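Asker: I am attaching a structure below and will ask some questions about it afterwards.
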Amino acid sequence: GASALYASKAPLKYGCDPAICTGYYKYIGDNQVLNDVGAVITVGKNAVKSSGIRVEDTGSIQNRGIIKVIGTGNYGMVATENGSVVNLRDKNKNISAGLDDKYIGIFIQSSESVGAYVQDSGSIDIRGGKVVVGINENGSKINDFNNNSIRDSAGVYAKNGSVSISDLTYWNTENDYGKVITNAENTHAVILTRENTNLSTNFNNQGLINNQYMNTIGVYVSEGAEVKQENFGYIQSSNGGLDGITTGTYNNAQIISGDGAIGIYAVGTGTSTETKVAIISGQIIGGNSISSPIPATSIGILGKKNAAITLGDAINSPDISMGTNSVSLLIQDKINLNINNINSQIGADSVFGYFDKANGDLKNINKINFQSVGA
């Protein structure tokens, strides 16, 4: 496969078959590459296992431009072997260049493709801008270049390493928070595994995760990977569209799922509590369960096989808001559940906690504030 931008511990390497993709780069320092404001990398329709950006072996790349993945089976950004990628939205430069911010980010417009891929202790930090799958720059659902439905892709996929979706709304330069937004069949926003058990997989969300398609997952975590969501109190006004929010002003650190979709799916190893999910603050928002075109239940959090799930702490209380016929917390098998402090809103004909063939231990449930039930 080819890469439009490549960085490693060795001197800068740059290679790309013009028949496959186009690339732009500016060398800005030792082992660092910048895809600058206004720059566009396109992984074209003939590309196979190629990437817009690839970094490894302590190299680093900043992306402040646009990456489009059009061909099937490709990647927007890849970080491996301790390499790191930072995705940023430079508000001031975009304004001075006359660029509309809605065009800034990684756009996956093909099947079997990944927006941001991490393995072997690589790291990706989505500090600003967005990773979107199955959606165009204007926020509309699209098909691929052959007009076939987009499916089996992912916004973020980490096998080992670290991924952060950060909130930088307090920075005058960046003034943004990261977003991962998906709207395609069998396409999850974030997938976390731990392929090498000697290495860790960590995910931290301070921004927005929005899986819009039914039967998809906002964050799938398994095999000993760890998830933490925390809102540090910065406020960002929504402009709708690609933000996945229609109106109003919201705190960040959100997982928003569409009708018939799942917010978090946590699967342990079955023998230990290595898989860990800590939702300290922020929001989990789910839609309504649906009956057509196929039945799909809207679920906030699903845990199984000894996954450890912690909600809130002594000070912070996350909000879990679900639609009609939904389940806020579905437990299958035995898990390590700690509910310290949460706020709950559930729609009509819904249930907050459902233990499905599970060993439910309620001694670690402290405070649940039901703000709305069946409304």
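In the structure tokens, the first chain shown is A, the next is B, and so on; residue numbers restart at 1 for each chain, and ligands run from 1 in the order shown.
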Excluding same-chain residues fewer than 3 positions from Gly161 in chain A, what lies within 7 Å of it counting only C-alpha atoms, as a VMD selection string?

Answerer: chain A and resid 118 to 123 158 200 to 202

Asker: Kindly export the residues of the current selection with C-alpha atoms, as a CSV table (one decimal), in the first residue's frame.

Answerer:
```csv
chain,number,residue,atom,x,y,z
A,118,VAL,CA,-3.5,2.7,15.7
A,119,GLN,CA,-1.4,-0.3,16.5
A,120,ASP,CA,1.9,-1.2,18.2
A,121,SER,CA,1.9,1.7,20.7
A,122,GLY,CA,1.1,4.3,18.2
A,123,SER,CA,-0.9,7.3,19.2
A,158,ALA,CA,-7.0,0.8,17.8
A,200,SER,CA,-2.0,-1.4,26.4
A,201,THR,CA,-4.9,0.2,24.5
A,202,ASN,CA,-6.3,3.4,25.9
```

Asker: What's the 9 Å shell around Gln345 in chain A, counting only C-alpha atoms, without same-chain residues fewer than 4 positions away, as a list in words?

Answerer: Asp319, Ile320, Ser321, Met322, Gly323, Ser328, Phe352, Asn369, Phe370, Gln371, Ser372, Val373, Gly374 and Ala375 of chain A

Asker: Can those selected residues be exported to a file as a CSV table (one decimal), in the first residue's frame so that it contains N, CA, C and O atoms?

Answerer:
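Now in again-v9.csv:
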```csv
chain,number,residue,atom,x,y,z
A,319,ASP,N,-24.6,12.2,32.5
A,319,ASP,CA,-26.0,12.1,32.2
A,319,ASP,C,-26.2,11.0,31.2
A,319,ASP,O,-25.5,10.9,30.2
A,320,ILE,N,-27.2,10.1,31.4
A,320,ILE,CA,-27.6,9.1,30.5
A,320,ILE,C,-29.0,9.3,30.1
A,320,ILE,O,-29.9,9.2,30.9
A,321,SER,N,-29.2,9.7,28.8
A,321,SER,CA,-30.6,10.1,28.3
A,321,SER,C,-30.9,9.2,27.2
A,321,SER,O,-30.2,9.2,26.2
A,322,MET,N,-32.0,8.5,27.3
A,322,MET,CA,-32.4,7.5,26.3
A,322,MET,C,-33.8,7.7,25.8
A,322,MET,O,-34.7,8.3,26.5
A,323,GLY,N,-34.1,7.2,24.6
A,323,GLY,CA,-35.4,7.4,24.0
A,323,GLY,C,-36.4,6.3,24.4
A,323,GLY,O,-36.3,5.7,25.4
A,328,SER,N,-31.1,1.7,29.2
A,328,SER,CA,-29.9,2.5,29.5
A,328,SER,C,-28.7,1.7,29.8
A,328,SER,O,-27.6,1.9,29.3
A,352,PHE,N,-34.2,1.3,32.9
A,352,PHE,CA,-32.8,1.8,33.1
A,352,PHE,C,-31.8,0.6,33.1
A,352,PHE,O,-30.9,0.6,32.4
A,369,ASN,N,-30.0,9.4,40.0
A,369,ASN,CA,-31.0,10.5,40.0
A,369,ASN,C,-31.8,10.4,38.8
A,369,ASN,O,-31.4,10.8,37.7
A,370,PHE,N,-33.1,9.9,38.9
A,370,PHE,CA,-34.0,9.8,37.8
A,370,PHE,C,-34.7,11.2,37.6
A,370,PHE,O,-35.5,11.6,38.3
A,371,GLN,N,-34.2,11.9,36.6
A,371,GLN,CA,-34.7,13.2,36.3
A,371,GLN,C,-36.0,13.2,35.4
A,371,GLN,O,-36.8,14.1,35.5
A,372,SER,N,-36.1,12.1,34.7
A,372,SER,CA,-37.3,12.0,33.8
A,372,SER,C,-37.5,10.5,33.5
A,372,SER,O,-36.6,9.8,33.1
A,373,VAL,N,-38.7,10.0,33.8
A,373,VAL,CA,-39.1,8.6,33.5
A,373,VAL,C,-40.3,8.5,32.7
A,373,VAL,O,-41.4,9.0,33.1
A,374,GLY,N,-40.2,7.9,31.5
A,374,GLY,CA,-41.3,7.7,30.6
A,374,GLY,C,-41.9,8.9,30.0
A,374,GLY,O,-43.1,8.9,29.5
A,375,ALA,N,-41.2,10.0,30.0
A,375,ALA,CA,-41.7,11.3,29.4
A,375,ALA,C,-41.6,11.3,27.9
A,375,ALA,O,-40.7,10.7,27.4
```

Asker: Can you work out which one of A:Asn215, A:Asn136, A:Asn82, A:Asn146 has the shortest atom-to-atom distance to Ala189 in chain A, counting only C-alpha atoms?

Answerer: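 When distances to Ala189 in chain A are compared using only C-alpha atoms, the smallest one comes from A:Asn215.
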
Asker: Which polymer residues have any atom within 10 Å of an atom of Gly263 in chain A, counting only C-alpha atoms, with same-chain residues fewer than 6 positions away left out, as a PyMOL selection string?

Answerer: chain A and resi 188-189+209-211+216-220+254-257+284-287+298-302+328

Asker: Could you take the residues named above and write them with N, CA and C atoms, as a PDB file, in the first residue's frame?

Answerer:
```
ATOM      1  N   HIS A 188     -18.847   1.225  12.973  1.00  0.00           N
ATOM      2  CA  HIS A 188     -18.809   1.732  14.323  1.00  0.00           C
ATOM      3  C   HIS A 188     -17.898   2.953  14.404  1.00  0.00           C
ATOM      4  N   ALA A 189     -18.182   3.839  15.347  1.00  0.00           N
ATOM      5  CA  ALA A 189     -17.383   5.062  15.455  1.00  0.00           C
ATOM      6  C   ALA A 189     -15.983   4.761  15.984  1.00  0.00           C
ATOM      7  N   ILE A 209     -18.567  11.743  20.064  1.00  0.00           N
ATOM      8  CA  ILE A 209     -18.689  10.511  19.285  1.00  0.00           C
ATOM      9  C   ILE A 209     -20.157  10.397  18.893  1.00  0.00           C
ATOM     10  N   ASN A 210     -20.414  10.218  17.596  1.00  0.00           N
ATOM     11  CA  ASN A 210     -21.790  10.213  17.113  1.00  0.00           C
ATOM     12  C   ASN A 210     -21.959   9.128  16.052  1.00  0.00           C
ATOM     13  N   ASN A 211     -22.510   7.974  16.468  1.00  0.00           N
ATOM     14  CA  ASN A 211     -22.828   6.898  15.525  1.00  0.00           C
ATOM     15  C   ASN A 211     -24.315   6.992  15.186  1.00  0.00           C
ATOM     16  N   THR A 216     -25.323   0.065  15.057  1.00  0.00           N
ATOM     17  CA  THR A 216     -23.896   0.377  15.148  1.00  0.00           C
ATOM     18  C   THR A 216     -23.569   0.783  16.579  1.00  0.00           C
ATOM     19  N   ILE A 217     -22.270   0.911  16.855  1.00  0.00           N
ATOM     20  CA  ILE A 217     -21.787   1.166  18.212  1.00  0.00           C
ATOM     21  C   ILE A 217     -20.951   2.438  18.224  1.00  0.00           C
ATOM     22  N   GLY A 218     -21.148   3.249  19.258  1.00  0.00           N
ATOM     23  CA  GLY A 218     -20.313   4.435  19.417  1.00  0.00           C
ATOM     24  C   GLY A 218     -18.901   4.060  19.813  1.00  0.00           C
ATOM     25  N   VAL A 219     -18.746   3.286  20.902  1.00  0.00           N
ATOM     26  CA  VAL A 219     -17.432   2.813  21.354  1.00  0.00           C
ATOM     27  C   VAL A 219     -17.540   1.326  21.662  1.00  0.00           C
ATOM     28  N   TYR A 220     -16.814   0.500  20.906  1.00  0.00           N
ATOM     29  CA  TYR A 220     -16.716  -0.933  21.169  1.00  0.00           C
ATOM     30  C   TYR A 220     -15.360  -1.182  21.804  1.00  0.00           C
ATOM     31  N   GLN A 254     -19.241  13.704  24.887  1.00  0.00           N
ATOM     32  CA  GLN A 254     -20.543  13.123  24.579  1.00  0.00           C
ATOM     33  C   GLN A 254     -20.403  11.896  23.676  1.00  0.00           C
ATOM     34  N   ILE A 255     -21.274  10.928  23.925  1.00  0.00           N
ATOM     35  CA  ILE A 255     -21.490   9.818  23.009  1.00  0.00           C
ATOM     36  C   ILE A 255     -22.964   9.870  22.633  1.00  0.00           C
ATOM     37  N   ILE A 256     -23.243  10.152  21.367  1.00  0.00           N
ATOM     38  CA  ILE A 256     -24.615  10.304  20.891  1.00  0.00           C
ATOM     39  C   ILE A 256     -24.882   9.235  19.836  1.00  0.00           C
ATOM     40  N   SER A 257     -25.878   8.401  20.080  1.00  0.00           N
ATOM     41  CA  SER A 257     -26.189   7.299  19.163  1.00  0.00           C
ATOM     42  C   SER A 257     -27.568   7.502  18.555  1.00  0.00           C
ATOM     43  N   ILE A 284     -24.152  10.449  27.739  1.00  0.00           N
ATOM     44  CA  ILE A 284     -24.461   9.367  26.811  1.00  0.00           C
ATOM     45  C   ILE A 284     -25.914   9.569  26.399  1.00  0.00           C
ATOM     46  N   ILE A 285     -26.140   9.772  25.115  1.00  0.00           N
ATOM     47  CA  ILE A 285     -27.471  10.071  24.608  1.00  0.00           C
ATOM     48  C   ILE A 285     -27.846   9.026  23.570  1.00  0.00           C
ATOM     49  N   GLY A 286     -28.968   8.362  23.777  1.00  0.00           N
ATOM     50  CA  GLY A 286     -29.429   7.338  22.842  1.00  0.00           C
ATOM     51  C   GLY A 286     -30.764   7.690  22.237  1.00  0.00           C
ATOM     52  N   GLY A 287     -31.072   7.062  21.123  1.00  0.00           N
ATOM     53  CA  GLY A 287     -32.323   7.319  20.430  1.00  0.00           C
ATOM     54  C   GLY A 287     -33.423   6.367  20.843  1.00  0.00           C
ATOM     55  N   SER A 298     -32.356   0.365  21.132  1.00  0.00           N
ATOM     56  CA  SER A 298     -31.467   1.455  21.512  1.00  0.00           C
ATOM     57  C   SER A 298     -30.925   1.189  22.916  1.00  0.00           C
ATOM     58  N   ILE A 299     -29.581   1.122  23.035  1.00  0.00           N
ATOM     59  CA  ILE A 299     -28.929   0.770  24.298  1.00  0.00           C
ATOM     60  C   ILE A 299     -27.861   1.818  24.624  1.00  0.00           C
ATOM     61  N   GLY A 300     -27.846   2.276  25.867  1.00  0.00           N
ATOM     62  CA  GLY A 300     -26.819   3.225  26.280  1.00  0.00           C
ATOM     63  C   GLY A 300     -25.480   2.553  26.486  1.00  0.00           C
ATOM     64  N   ILE A 301     -25.432   1.584  27.410  1.00  0.00           N
ATOM     65  CA  ILE A 301     -24.202   0.842  27.712  1.00  0.00           C
ATOM     66  C   ILE A 301     -24.538  -0.632  27.804  1.00  0.00           C
ATOM     67  N   LEU A 302     -23.766  -1.478  27.126  1.00  0.00           N
ATOM     68  CA  LEU A 302     -23.902  -2.925  27.203  1.00  0.00           C
ATOM     69  C   LEU A 302     -22.592  -3.491  27.731  1.00  0.00           C
ATOM     70  N   SER A 328     -31.078   1.667  29.158  1.00  0.00           N
ATOM     71  CA  SER A 328     -29.917   2.505  29.482  1.00  0.00           C
ATOM     72  C   SER A 328     -28.688   1.656  29.775  1.00  0.00           C
TER      73      SER A 328
END
```

Asker: Which residue out of A:Ser110, A:Asn183, A:Asn63, A:Asn87 has the minimum interatomic distance to Ile41 in chain A when only C-alpha atoms are used?

Answerer: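 Looking only at the distances to Ile41 in chain A, the closest residue turns out to be A:Asn63.
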
Asker: Between CA of Ile108 in chain A and CA of Ser162 in chain A, what distance in Å does the model show, to one decimal?

Answerer: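 It comes out at 21.0 Å.
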
Asker: DSSP on the backbone: what in range 280-368 of chain A comes out strand (DSSP E or B), as a PyMOL selection string?

Answerer: chain A and resi 283-285+290+296+299-304+308-311+319-321+327-332+336-339+342-346+351-356+365+368

Asker: For Asn343 in chain A, which residue out of A:Leu330, A:Ala307, A:Gln283, A:Ala47 is the nearest one, using only C-alpha atoms?

Answerer: A:Gln283

Asker: Neighbours of range 164-168 of chain A within 9 Å (only C-alpha atoms; same-chain residues fewer than 6 positions away dropped), as a ChimeraX atom specification?

Answerer: /A:123-128,174-180,202-209,231-232,234,252-253

Asker: Interatomic distance between CA of Val40 in chain A and CA of Lys159 in chain A?

Answerer: 27.2 Å

Asker: Give me the residues within 7 Å of Ala154 in chain A as a PyMOL selection string, counting only C-alpha atoms and dropping any in the same chain fewer than 5 places off.

Answerer: chain A and resi 113-115+187-190
